[in-house]
Amino acid sequence: MSKDLTDLSADAEAGDILESLLESLLTDFEYWFTRGYELIEQSSDEVMNFEERQDLSGRLAEGLQAVKATRALTRAAGKPVAVSMKAMAPWHGLVTEVWGLSARLNRLQS
């Protein structure tokens with residue numbers, strides 16, 4: 001019986017850690033996607049042409065919607081859930097693009 005209580009306690013702790021990590025990760029995605037919008041506004045045609053800015057802006061909007069939907073679904077589940085790397089891979093790609101845009105702007109301003 002004691003073993004079962006220990007297992008339940010460990011499971012609860014693992015669930016709390018999973019929820020905390022996922023929440024932190026989703027918050028980071030939201031930050032970088034929002035930061036991407038700010039950088040697009042600062043970008044001239046020298047950095048990104050109009051079509052590229054529109055394309056990135058649209059993909060950032062989709063990414064933000066996906067992150068918000070994921071957050072809502074994980075909260076609605078009522079128990080710890082994981083999000084697959086396959087689902088998050090495009091978000092990582094967008095963050096990398098935002099970092100690249102930031103680097104290009106910094107080089108231009110130096």
# chains A, B, ... in the order shown; residues from 1 in each chain; ligands from 1
call {"tool": "residues_around", "arguments": {"residues": "Leu94 (chain A)", "least_positions_apart": "2", "cutoff": "10 Å", "atoms": "only C-alpha atoms", "output": "tab-separated table (two decimals) with N, CA and C atoms, in the first residue's frame"}}
result
chain	number	residue	atom	x	y	z
A	29	PHE	N	7.06	30.75	-26.74
A	29	PHE	CA	6.61	30.84	-28.13
A	29	PHE	C	5.79	32.11	-28.35
A	32	TRP	N	8.12	35.17	-28.48
A	32	TRP	CA	8.91	35.31	-29.71
A	32	TRP	C	8.05	35.60	-30.92
A	33	PHE	N	6.84	35.06	-30.96
A	33	PHE	CA	5.95	35.36	-32.08
A	33	PHE	C	5.53	36.83	-32.03
A	36	GLY	N	8.34	38.90	-33.08
A	36	GLY	CA	8.45	38.85	-34.53
A	36	GLY	C	7.63	39.95	-35.19
A	56	LEU	N	5.67	36.16	-43.36
A	56	LEU	CA	6.09	35.88	-41.99
A	56	LEU	C	5.02	36.31	-41.00
A	59	ARG	N	2.34	33.68	-40.93
A	59	ARG	CA	2.75	32.46	-40.24
A	59	ARG	C	2.87	32.68	-38.74
A	60	LEU	N	3.26	33.91	-38.33
A	60	LEU	CA	3.28	34.22	-36.90
A	60	LEU	C	1.87	34.22	-36.33
A	63	GLY	N	0.89	30.67	-35.91
A	63	GLY	CA	1.62	30.11	-34.77
A	63	GLY	C	1.01	30.54	-33.45
A	89	ALA	N	7.39	21.53	-33.89
A	89	ALA	CA	8.51	21.78	-34.81
A	89	ALA	C	8.33	23.05	-35.64
A	90	PRO	N	7.14	23.29	-36.22
A	90	PRO	CA	6.98	24.53	-36.98
A	90	PRO	C	7.14	25.78	-36.12
A	91	TRP	N	6.75	25.69	-34.86
A	91	TRP	CA	6.89	26.83	-33.96
A	91	TRP	C	8.36	27.12	-33.71
A	92	HIS	N	9.14	26.07	-33.54
A	92	HIS	CA	10.59	26.26	-33.36
A	92	HIS	C	11.19	26.92	-34.59
A	96	THR	N	13.19	30.54	-34.84
A	96	THR	CA	14.50	30.66	-35.49
A	96	THR	C	14.47	31.76	-36.54
A	97	GLU	N	13.39	31.86	-37.29
A	97	GLU	CA	13.25	32.94	-38.28
A	97	GLU	C	13.23	34.30	-37.61
A	98	VAL	N	12.53	34.41	-36.48
A	98	VAL	CA	12.49	35.67	-35.75
A	98	VAL	C	13.88	36.04	-35.27
A	99	TRP	N	14.64	35.07	-34.76
A	99	TRP	CA	16.02	35.34	-34.33
A	99	TRP	C	16.86	35.82	-35.52
A	100	GLY	N	16.67	35.19	-36.67
A	100	GLY	CA	17.41	35.60	-37.87
A	100	GLY	C	17.06	37.01	-38.29
call {"tool": "select_by_dssp", "arguments": {"residues": "region 35-73 of chain A", "states": "alpha helix (DSSP H)", "output": "VMD selection string"}}
result
chain A and resid 35 to 42 50 to 73
call {"tool": "write_last_selection", "arguments": {"atoms": "C-alpha atoms", "output": "CSV table (one decimal), in the first residue's frame"}}
result
chain,number,residue,atom,x,y,z
A,35,ARG,CA,8.5,39.9,-30.9
A,36,GLY,CA,8.4,38.9,-34.5
A,37,TYR,CA,5.6,41.3,-35.2
A,38,GLU,CA,7.6,44.1,-33.6
A,39,LEU,CA,10.6,43.3,-35.8
A,40,ILE,CA,8.6,43.1,-39.0
A,41,GLU,CA,7.3,46.6,-38.2
A,42,GLN,CA,10.9,47.8,-37.9
A,50,PHE,CA,6.8,43.5,-48.5
A,51,GLU,CA,5.8,39.9,-49.5
A,52,GLU,CA,8.3,38.3,-47.1
A,53,ARG,CA,7.0,40.5,-44.3
A,54,GLN,CA,3.4,39.6,-45.1
A,55,ASP,CA,4.2,35.9,-45.3
A,56,LEU,CA,6.1,35.9,-42.0
A,57,SER,CA,3.3,37.9,-40.3
A,58,GLY,CA,0.7,35.4,-41.5
A,59,ARG,CA,2.8,32.5,-40.2
A,60,LEU,CA,3.3,34.2,-36.9
A,61,ALA,CA,-0.5,34.7,-36.6
A,62,GLU,CA,-1.1,31.0,-37.3
A,63,GLY,CA,1.6,30.1,-34.8
A,64,LEU,CA,0.0,32.3,-32.1
A,65,GLN,CA,-3.4,30.8,-32.8
A,66,ALA,CA,-1.9,27.3,-32.5
A,67,VAL,CA,-0.1,28.0,-29.3
A,68,LYS,CA,-3.3,29.6,-27.8
A,69,ALA,CA,-5.3,26.6,-28.9
A,70,THR,CA,-2.8,24.2,-27.4
A,71,ARG,CA,-2.8,26.1,-24.1
A,72,ALA,CA,-6.6,26.0,-24.0
A,73,LEU,CA,-6.7,22.2,-24.8
call {"tool": "closest_residue", "arguments": {"among": "A:Thr34, A:Thr27, A:Glu46, A:Leu18", "to": "Gln109 (chain A)", "atoms": "only C-alpha atoms"}}
result
A:Glu46
call {"tool": "atom_distance", "arguments": {"atom1": "CA of Ser84 (chain A)", "atom2": "CA of Leu25 (chain A)"}}
result
12.6 Å
call {"tool": "atom_distance", "arguments": {"atom1": "CA of Asn106 (chain A)", "atom2": "CA of Ser24 (chain A)"}}
result
26.9 Å
call {"tool": "decode", "arguments": {"residues": "region 40-63 of chain A", "atoms": "N, CA and C atoms", "output": "mmCIF file, in the first residue's frame"}}
result
data_model
loop_
_atom_site.group_PDB
_atom_site.id
_atom_site.type_symbol
_atom_site.label_atom_id
_atom_site.label_comp_id
_atom_site.auth_asym_id
_atom_site.auth_seq_id
_atom_site.Cartn_x
_atom_site.Cartn_y
_atom_site.Cartn_z
ATOM 1 N N ILE A 40 9.073 42.882 -37.599
ATOM 2 C CA ILE A 40 8.551 43.093 -38.951
ATOM 3 C C ILE A 40 8.219 44.570 -39.144
ATOM 4 N N GLU A 41 7.641 45.193 -38.135
ATOM 5 C CA GLU A 41 7.296 46.614 -38.217
ATOM 6 C C GLU A 41 8.538 47.484 -38.378
ATOM 7 N N GLN A 42 9.660 47.048 -37.828
ATOM 8 C CA GLN A 42 10.912 47.799 -37.916
ATOM 9 C C GLN A 42 11.678 47.517 -39.209
ATOM 10 N N SER A 43 11.231 46.522 -39.953
ATOM 11 C CA SER A 43 11.979 46.079 -41.130
ATOM 12 C C SER A 43 11.656 46.921 -42.356
ATOM 13 N N SER A 44 12.710 47.286 -43.036
ATOM 14 C CA SER A 44 12.559 47.977 -44.309
ATOM 15 C C SER A 44 12.686 46.952 -45.435
ATOM 16 N N ASP A 45 12.468 47.414 -46.658
ATOM 17 C CA ASP A 45 12.628 46.523 -47.806
ATOM 18 C C ASP A 45 14.061 46.018 -47.932
ATOM 19 N N GLU A 46 14.981 46.741 -47.343
ATOM 20 C CA GLU A 46 16.387 46.321 -47.357
ATOM 21 C C GLU A 46 16.577 45.020 -46.571
ATOM 22 N N VAL A 47 15.748 44.817 -45.566
ATOM 23 C CA VAL A 47 15.838 43.635 -44.719
ATOM 24 C C VAL A 47 14.927 42.525 -45.234
ATOM 25 N N MET A 48 13.683 42.877 -45.496
ATOM 26 C CA MET A 48 12.672 41.940 -46.013
ATOM 27 C C MET A 48 11.750 42.709 -46.943
ATOM 28 N N ASN A 49 11.466 42.132 -48.098
ATOM 29 C CA ASN A 49 10.519 42.826 -48.970
ATOM 30 C C ASN A 49 9.100 42.675 -48.419
ATOM 31 N N PHE A 50 8.178 43.412 -49.000
ATOM 32 C CA PHE A 50 6.807 43.457 -48.502
ATOM 33 C C PHE A 50 6.175 42.067 -48.444
ATOM 34 N N GLU A 51 6.353 41.286 -49.495
ATOM 35 C CA GLU A 51 5.760 39.941 -49.545
ATOM 36 C C GLU A 51 6.324 39.038 -48.449
ATOM 37 N N GLU A 52 7.622 39.146 -48.209
ATOM 38 C CA GLU A 52 8.250 38.342 -47.147
ATOM 39 C C GLU A 52 7.710 38.737 -45.779
ATOM 40 N N ARG A 53 7.534 40.044 -45.582
ATOM 41 C CA ARG A 53 6.983 40.510 -44.302
ATOM 42 C C ARG A 53 5.552 40.016 -44.122
ATOM 43 N N GLN A 54 4.763 40.079 -45.178
ATOM 44 C CA GLN A 54 3.383 39.589 -45.098
ATOM 45 C C GLN A 54 3.348 38.090 -44.824
ATOM 46 N N ASP A 55 4.202 37.349 -45.502
ATOM 47 C CA ASP A 55 4.246 35.896 -45.316
ATOM 48 C C ASP A 55 4.617 35.544 -43.872
ATOM 49 N N LEU A 56 5.670 36.165 -43.363
ATOM 50 C CA LEU A 56 6.094 35.882 -41.994
ATOM 51 C C LEU A 56 5.018 36.310 -41.001
ATOM 52 N N SER A 57 4.412 37.442 -41.235
ATOM 53 C CA SER A 57 3.344 37.917 -40.342
ATOM 54 C C SER A 57 2.189 36.920 -40.306
ATOM 55 N N GLY A 58 1.810 36.401 -41.455
ATOM 56 C CA GLY A 58 0.734 35.410 -41.504
ATOM 57 C C GLY A 58 1.092 34.131 -40.763
ATOM 58 N N ARG A 59 2.341 33.678 -40.931
ATOM 59 C CA ARG A 59 2.754 32.463 -40.241
ATOM 60 C C ARG A 59 2.869 32.680 -38.738
ATOM 61 N N LEU A 60 3.257 33.909 -38.332
ATOM 62 C CA LEU A 60 3.284 34.223 -36.901
ATOM 63 C C LEU A 60 1.872 34.217 -36.326
ATOM 64 N N ALA A 61 0.915 34.737 -37.078
ATOM 65 C CA ALA A 61 -0.487 34.728 -36.628
ATOM 66 C C ALA A 61 -0.976 33.293 -36.458
ATOM 67 N N GLU A 62 -0.667 32.437 -37.426
ATOM 68 C CA GLU A 62 -1.050 31.024 -37.323
ATOM 69 C C GLU A 62 -0.378 30.371 -36.118
ATOM 70 N N GLY A 63 0.892 30.670 -35.909
ATOM 71 C CA GLY A 63 1.617 30.112 -34.769
ATOM 72 C C GLY A 63 1.005 30.541 -33.445
#
